[in-house]
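J.: File follows, protein_24.cif with mmCIF, C-alpha atoms:
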data_model
#
loop_
_atom_site.label_atom_id
_atom_site.label_comp_id
_atom_site.auth_asym_id
_atom_site.auth_seq_id
_atom_site.Cartn_x
_atom_site.Cartn_y
_atom_site.Cartn_z
CA MET A 1 0.00 0.00 0.00
CA SER A 2 1.22 3.47 -0.72
CA LEU A 3 -0.66 6.41 0.75
CA ASP A 4 -0.52 9.87 -0.79
CA ARG A 5 -1.04 12.98 1.35
CA GLN A 6 -4.81 13.01 0.83
CA ASP A 7 -5.10 9.29 1.67
CA LYS A 8 -3.16 9.88 4.89
CA ILE A 9 -5.35 12.83 5.86
CA SER A 10 -8.63 11.00 5.36
CA TRP A 11 -7.33 7.83 7.01
CA LEU A 12 -5.88 9.67 10.07
CA ALA A 13 -9.17 11.56 10.52
CA GLY A 14 -10.83 8.20 11.26
CA VAL A 15 -8.30 7.08 13.90
CA PRO A 16 -9.91 7.24 17.40
CA LEU A 17 -6.76 8.74 18.97
CA PHE A 18 -7.14 11.79 16.70
CA ALA A 19 -10.93 12.09 17.01
CA SER A 20 -10.71 15.47 18.76
CA CYS A 21 -8.17 16.99 16.34
CA ASP A 22 -9.22 19.72 13.91
CA GLU A 23 -8.47 19.57 10.19
CA GLU A 24 -5.30 21.62 10.44
CA THR A 25 -3.87 19.30 13.12
CA ILE A 26 -4.73 16.21 11.07
CA GLU A 27 -2.87 17.78 8.11
CA ARG A 28 0.12 18.45 10.36
CA ILE A 29 0.10 14.83 11.53
CA ALA A 30 -0.19 13.62 7.91
CA ASP A 31 2.82 15.74 6.92
CA ALA A 32 4.84 14.59 9.94
CA THR A 33 4.18 10.83 9.54
CA GLY A 34 6.07 8.49 7.26
CA GLU A 35 4.66 5.25 5.90
CA LEU A 36 6.63 2.10 6.69
CA VAL A 37 5.95 -1.43 5.44
CA PHE A 38 7.09 -4.44 7.48
CA THR A 39 7.27 -8.09 6.45
CA ASP A 40 5.84 -10.99 8.45
CA GLY A 41 7.81 -11.53 11.67
CA GLN A 42 9.88 -8.36 11.36
CA ALA A 43 10.54 -6.43 14.60
CA ILE A 44 9.13 -2.91 14.29
CA VAL A 45 10.51 -1.75 17.64
CA GLN A 46 12.72 -3.71 20.02
CA GLN A 47 12.67 -4.00 23.79
CA GLY A 48 15.61 -2.10 25.31
CA GLN A 49 16.04 0.31 22.40
CA VAL A 50 15.64 4.05 22.73
CA GLY A 51 12.13 5.13 21.74
CA ASN A 52 12.16 7.17 18.55
CA GLY A 53 8.45 7.49 17.86
CA LEU A 54 4.85 6.38 17.82
CA TYR A 55 3.45 3.89 15.29
CA ILE A 56 -0.12 3.69 14.03
CA VAL A 57 -1.19 0.46 12.34
CA VAL A 58 -2.73 1.14 8.92
CA SER A 59 -3.16 -2.48 7.80
CA GLY A 60 -1.97 -5.89 8.88
CA SER A 61 -1.46 -6.74 12.54
CA VAL A 62 1.13 -6.32 15.29
CA ARG A 63 2.04 -8.52 18.23
CA ILE A 64 3.42 -6.78 21.35
CA VAL A 65 5.73 -9.08 23.31
CA ALA A 66 7.71 -8.49 26.53
CA GLY A 67 9.95 -11.02 28.25
CA GLY A 68 8.49 -13.86 26.13
CA GLY A 69 4.85 -13.09 27.00
CA GLU A 70 2.34 -11.52 24.66
CA LEU A 71 0.91 -8.23 25.97
CA ALA A 72 -1.42 -7.31 23.12
CA ARG A 73 -2.39 -7.80 19.51
CA LEU A 74 -3.10 -4.67 17.52
CA GLY A 75 -4.87 -4.00 14.23
CA ALA A 76 -5.78 -1.11 11.95
CA GLY A 77 -6.25 2.19 13.83
CA ASP A 78 -4.38 1.01 16.94
CA PHE A 79 -1.15 2.68 18.05
CA PHE A 80 1.94 1.65 20.01
CA GLY A 81 5.35 2.98 20.98
CA GLU A 82 4.06 5.98 22.92
CA LEU A 83 5.31 4.93 26.37
CA ALA A 84 9.01 5.19 25.55
CA VAL A 85 8.42 8.62 23.99
CA ILE A 86 6.49 10.07 26.93
CA ASP A 87 8.63 8.46 29.56
CA GLN A 88 11.98 8.81 27.73
CA GLN A 89 12.88 5.30 28.82
CA PRO A 90 14.03 2.38 26.63
CA ARG A 91 11.29 0.38 24.87
CA ASN A 92 9.58 -1.95 27.35
CA ALA A 93 8.37 -4.40 24.70
CA THR A 94 9.08 -5.66 21.18
CA ALA A 95 6.50 -5.22 18.41
CA TYR A 96 6.43 -7.83 15.61
CA ALA A 97 4.60 -7.51 12.31
CA GLU A 98 2.18 -10.37 11.63
CA GLY A 99 1.82 -10.72 7.91
CA SER A 100 2.68 -7.76 5.73
CA THR A 101 2.00 -4.73 7.96
CA ASP A 102 1.73 -1.10 7.04
CA CYS A 103 2.31 1.62 9.70
CA LEU A 104 2.47 5.37 9.88
CA ALA A 105 5.35 6.49 12.10
CA LEU A 106 5.45 9.77 14.00
CA ALA A 107 8.83 10.86 15.42
CA SER A 108 9.13 11.52 19.18
CA TRP A 109 9.66 15.26 18.85
CA ASP A 110 6.65 15.58 16.52
CA LEU A 111 4.45 13.65 18.96
CA ILE A 112 5.59 15.77 21.91
CA ALA A 113 5.04 18.99 19.92
CA LEU A 114 1.54 17.79 18.97
CA LEU A 115 0.67 16.92 22.58
CA GLU A 116 1.84 20.35 23.73
CA ARG A 117 -0.20 22.06 21.02
CA ASP A 118 -3.41 20.05 21.23
CA SER A 119 -4.60 19.35 24.77
CA GLY A 120 -7.64 17.44 23.43
CA LEU A 121 -5.23 14.96 21.83
CA ALA A 122 -3.26 14.72 25.09
CA MET A 123 -6.55 14.00 26.90
CA ASN A 124 -7.44 11.25 24.41
CA LEU A 125 -4.02 9.67 24.83
CA LEU A 126 -4.25 9.92 28.62
CA ARG A 127 -7.65 8.19 28.58
CA GLU A 128 -6.39 5.39 26.34
CA LEU A 129 -3.36 4.81 28.61
CA ALA A 130 -5.68 4.83 31.65
CA ARG A 131 -7.78 2.14 29.91
CA ARG A 132 -4.67 0.05 29.16
CA LEU A 133 -3.43 0.46 32.75
CA ARG A 134 -6.73 -0.74 34.17
CA ARG A 135 -6.74 -3.71 31.79
CA ALA A 136 -3.12 -4.61 32.69
CA ASP A 137 -3.88 -4.38 36.43
CA ALA A 138 -6.97 -6.58 36.01
CA GLN A 139 -4.95 -9.20 34.12
CA LEU A 140 -2.32 -9.27 36.87
CA ARG A 141 -4.94 -10.09 39.46
CA HIS A 142 -6.57 -12.90 37.50
CA MET B 1 -3.04 24.72 56.64
CA TYR B 2 -2.45 28.30 55.69
CA GLN B 3 -2.59 29.33 52.07
CA ALA B 4 1.19 29.90 51.99
CA GLU B 5 1.83 26.39 53.33
CA ILE B 6 -0.47 24.86 50.74
CA LEU B 7 1.35 26.80 48.01
CA ASP B 8 4.73 25.56 49.24
CA ALA B 9 3.38 22.01 49.38
CA LEU B 10 2.00 22.27 45.83
CA ALA B 11 5.23 23.78 44.51
CA GLY B 12 7.12 20.72 45.79
CA LEU B 13 4.95 18.17 43.95
CA ALA B 14 6.18 16.66 40.67
CA LEU B 15 2.70 16.96 39.19
CA PHE B 16 2.85 20.76 39.46
CA SER B 17 6.57 21.31 38.91
CA ASP B 18 6.04 23.16 35.59
CA LEU B 19 3.61 25.73 37.02
CA ASP B 20 4.57 29.25 38.01
CA ARG B 21 3.45 30.96 41.24
CA PRO B 22 0.21 32.55 39.88
CA GLN B 23 -0.79 29.18 38.38
CA LEU B 24 -0.09 27.42 41.68
CA GLU B 25 -2.28 29.99 43.43
CA ALA B 26 -5.07 29.30 40.97
CA VAL B 27 -4.67 25.54 41.51
CA ALA B 28 -4.78 25.96 45.30
CA HIS B 29 -7.95 27.96 44.82
CA THR B 30 -9.58 25.31 42.60
CA MET B 31 -8.89 22.38 44.93
CA SER B 32 -10.28 21.95 48.42
CA GLU B 33 -8.16 20.90 51.38
CA GLU B 34 -9.44 17.82 53.20
CA ALA B 35 -8.34 16.11 56.40
CA PHE B 36 -9.06 12.42 57.04
CA PRO B 37 -8.51 10.51 60.30
CA ALA B 38 -6.59 7.21 60.29
CA GLY B 39 -8.63 4.24 59.14
CA GLN B 40 -10.99 6.14 56.87
CA ARG B 41 -12.00 4.88 53.46
CA ILE B 42 -11.59 7.75 50.96
CA LEU B 43 -12.40 5.76 47.79
CA ARG B 44 -14.65 2.75 47.66
CA GLN B 45 -14.14 -0.15 45.28
CA GLY B 46 -17.13 -0.37 42.95
CA PHE B 47 -18.72 2.91 44.02
CA SER B 48 -18.74 5.87 41.65
CA GLY B 49 -19.06 9.56 42.45
CA SER B 50 -15.65 10.24 43.93
CA GLY B 51 -12.91 12.72 43.21
CA PHE B 52 -9.26 13.24 42.40
CA PHE B 53 -6.97 13.41 45.44
CA ILE B 54 -3.38 14.55 45.96
CA ILE B 55 -1.76 13.57 49.25
CA LEU B 56 -0.05 16.44 51.10
CA ASP B 57 0.70 14.51 54.26
CA GLY B 58 0.15 11.00 55.64
CA GLU B 59 -0.12 7.57 54.02
CA VAL B 60 -2.88 5.50 52.42
CA SER B 61 -3.26 1.86 51.49
CA VAL B 62 -4.73 0.84 48.12
CA ARG B 63 -6.77 -2.32 48.66
CA VAL B 64 -8.35 -4.65 46.16
CA ASP B 65 -10.85 -7.10 47.67
CA GLY B 66 -9.31 -6.31 51.05
CA ALA B 67 -5.69 -7.05 50.04
CA ASP B 68 -3.10 -4.26 50.23
CA VAL B 69 -1.69 -3.76 46.69
CA ALA B 70 0.07 -0.40 47.08
CA ARG B 71 0.94 2.38 49.52
CA LEU B 72 0.76 6.04 48.56
CA ALA B 73 2.23 9.03 50.41
CA LYS B 74 3.05 12.72 49.99
CA GLY B 75 2.96 13.86 46.37
CA ASP B 76 1.14 10.76 45.16
CA PHE B 77 -2.33 11.06 43.72
CA PHE B 78 -5.30 8.76 43.12
CA GLY B 79 -8.82 8.66 41.73
CA GLU B 80 -7.85 9.98 38.28
CA ILE B 81 -8.10 6.68 36.37
CA SER B 82 -11.75 6.15 37.36
CA LEU B 83 -12.60 9.74 36.53
CA LEU B 84 -10.88 9.65 33.14
CA LEU B 85 -12.72 6.46 32.21
CA GLY B 86 -16.03 7.33 33.85
CA GLU B 87 -15.92 4.03 35.74
CA PRO B 88 -16.11 3.22 39.47
CA PRO B 89 -12.80 2.76 41.36
CA VAL B 90 -11.40 -0.80 41.26
CA ALA B 91 -9.82 -0.43 44.70
CA ASP B 92 -10.49 0.94 48.16
CA VAL B 93 -8.19 3.71 49.34
CA VAL B 94 -7.90 3.68 53.15
CA THR B 95 -5.88 6.06 55.34
CA LEU B 96 -3.16 4.41 57.46
CA ALA B 97 -2.49 7.62 59.40
CA PRO B 98 -4.18 11.01 59.53
CA VAL B 99 -4.04 12.33 55.95
CA LYS B 100 -4.13 15.82 54.53
CA ALA B 101 -5.08 15.92 50.88
CA LEU B 102 -6.25 18.25 48.18
CA GLN B 103 -9.43 17.21 46.45
CA LEU B 104 -10.85 18.10 43.07
CA ALA B 105 -14.48 17.18 42.47
CA GLY B 106 -14.80 14.42 39.86
CA PRO B 107 -16.62 16.41 37.17
CA ASP B 108 -13.92 19.13 37.30
CA LEU B 109 -10.88 16.98 36.46
CA ARG B 110 -11.23 17.13 32.68
CA ALA B 111 -11.53 20.94 32.58
CA PHE B 112 -8.69 21.22 35.11
CA LEU B 113 -6.31 19.18 32.92
CA LEU B 114 -7.30 21.07 29.78
CA THR B 115 -6.58 24.35 31.64
CA TYR B 116 -3.14 23.11 32.74
CA PRO B 117 -1.68 21.07 29.85
CA ALA B 118 1.65 20.83 31.70
CA VAL B 119 -0.11 19.02 34.58
CA MET B 120 -1.81 16.72 32.04
CA TYR B 121 1.61 15.92 30.55
CA ARG B 122 2.98 15.06 34.00
CA MET B 123 -0.05 12.83 34.59
CA LEU B 124 0.54 11.21 31.20
CA GLN B 125 4.12 10.45 32.29
CA SER B 126 2.91 9.00 35.58
CA VAL B 127 0.33 6.74 33.89
CA SER B 128 2.97 5.66 31.31
CA ARG B 129 5.35 4.68 34.09
CA ARG B 130 2.66 2.70 35.92
CA LEU B 131 1.70 0.98 32.67
CA GLU B 132 5.33 0.03 32.03
CA ARG B 133 5.58 -1.41 35.55
CA ALA B 134 2.33 -3.36 35.09
CA ASN B 135 3.59 -4.73 31.75
CA ARG B 136 6.87 -5.81 33.32
CA ARG B 137 5.06 -7.72 36.08
CA GLY B 138 2.67 -9.35 33.61
#
Once you've parsed the file, please lay out its structure as structure tokens.
T.:
Amino acid sequence: MSLDRQDKISWLAGVPLFASCDEETIERIADATGELVFTDGQAIVQQGQVGNGLYIVVSGSVRIVAGGGELARLGAGDFFGELAVIDQQPRNATAYAEGSTDCLALASWDLIALLERDSGLAMNLLRELARRLRRADAQLRH
Amino acid sequence: MYQAEILDALAGLALFSDLDRPQLEAVAHTMSEEAFPAGQRILRQGFSGSGFFIILDGEVSVRVDGADVARLAKGDFFGEISLLLGEPPVADVVTLAPVKALQLAGPDLRAFLLTYPAVMYRMLQSVSRRLERANRRG
């Protein structure tokens, strides 16, 4: 798949994380993201590496693995890689492509600039991380 | 506590470390100061309608089904996850000693964070760190 600028804009506008963003912000995100295609089994990010950005799955699927255990499976519209950016810590998990997988990548500094500029986006991200935290805590107890 | 003491306490908290003095004064004005005796349940597992709390002094126990899963003290905060998700708390929060805390009413948290994006970013960092810890344990 190869997305042109207009494709990126209309696709990003449908991603839940960006639901509160206005048109201008979506255009900014489209211009800041690069499309990357991964083959089956390829590591997209690796545990222990420095976080260089956020990834949004366009098509295909991604398996998030830490210390041998699977944490999550992601599909189109889902995102990953944000923790290492926000926390400025090494990646806490490895993400593997399952089948041919297409992602849009947003560099750390672009994500941070966006969060500073758009507090609605920061709120959406905070809520999604709160949801993931609650799910992770529930799994630990069961 | 006097206003000046509350301001000094707020200025020392990581959550508010990016705010200047006038912003801290506004924050102190927005939140109410609460005192709880030892042994009091501040949040109830499964019950909605609570708030966001920042501990200024004292210690609390976070309990799930009666079992102690965490201890929180000065500078720590709780209640935000339930409020952000619009769901009841999944734990009890019980004071282990007399506790002084600042409280923000539940419905005000969203507007508060949108007013102070720097505080929201600090909260984002805190939730990220907790999520990383939870993932490591999993």
J.: Give the residues of chain B that lie within 6 Å of chain A; count all atoms listed in the file, and format the answer as a PyMOL selection string.
T.: chain B and resi 81+84+114+124-125+128+131+138
J.: Translate the PyMOL selection byres ((chain B and resi 17) around 12), as applied to the file shown, into an explicit residue set as a list in words.
T.: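 That expression, the PyMOL selection byres ((chain B and resi 17) around 12), corresponds here to Leu7, Asp8, Ala9, Leu10, Ala11, Gly12, Leu13, Ala14, Leu15, Phe16, Asp18, Leu19, Asp20, Arg21, Gln23, Leu24, Gly75, Tyr116, Ala118, Val119, Met120, Tyr121, Arg122 and Met123 of chain B.
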J.: Expanded to explicit residues, what is the PyMOL selection byres ((chain B and resi 86-90) around 12) for this file, as an MDAnalysis selection string?
T.: (chainID A and resid 127 130:131 133:135 137:138 141) or (chainID B and resid 42:52 62:66 69 78:85 91:93 106:107 109:110)
J.: Could you check which of A:Tyr96, A:Pro90, A:Leu121, A:Thr25 is closest to Gln42 (chain A), using all atoms listed in the file?
T.: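 Among the listed residues, A:Tyr96 lies closest to Gln42 (chain A).
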J.: Give the answer as one residue: which of A:Gly81, A:Ala95, A:Arg73, A:Cys103 has the shortest atom-to-atom distance to Val50 (chain A), using only C-alpha atoms?
T.: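 So, comparing all the options, the nearest one is A:Gly81.
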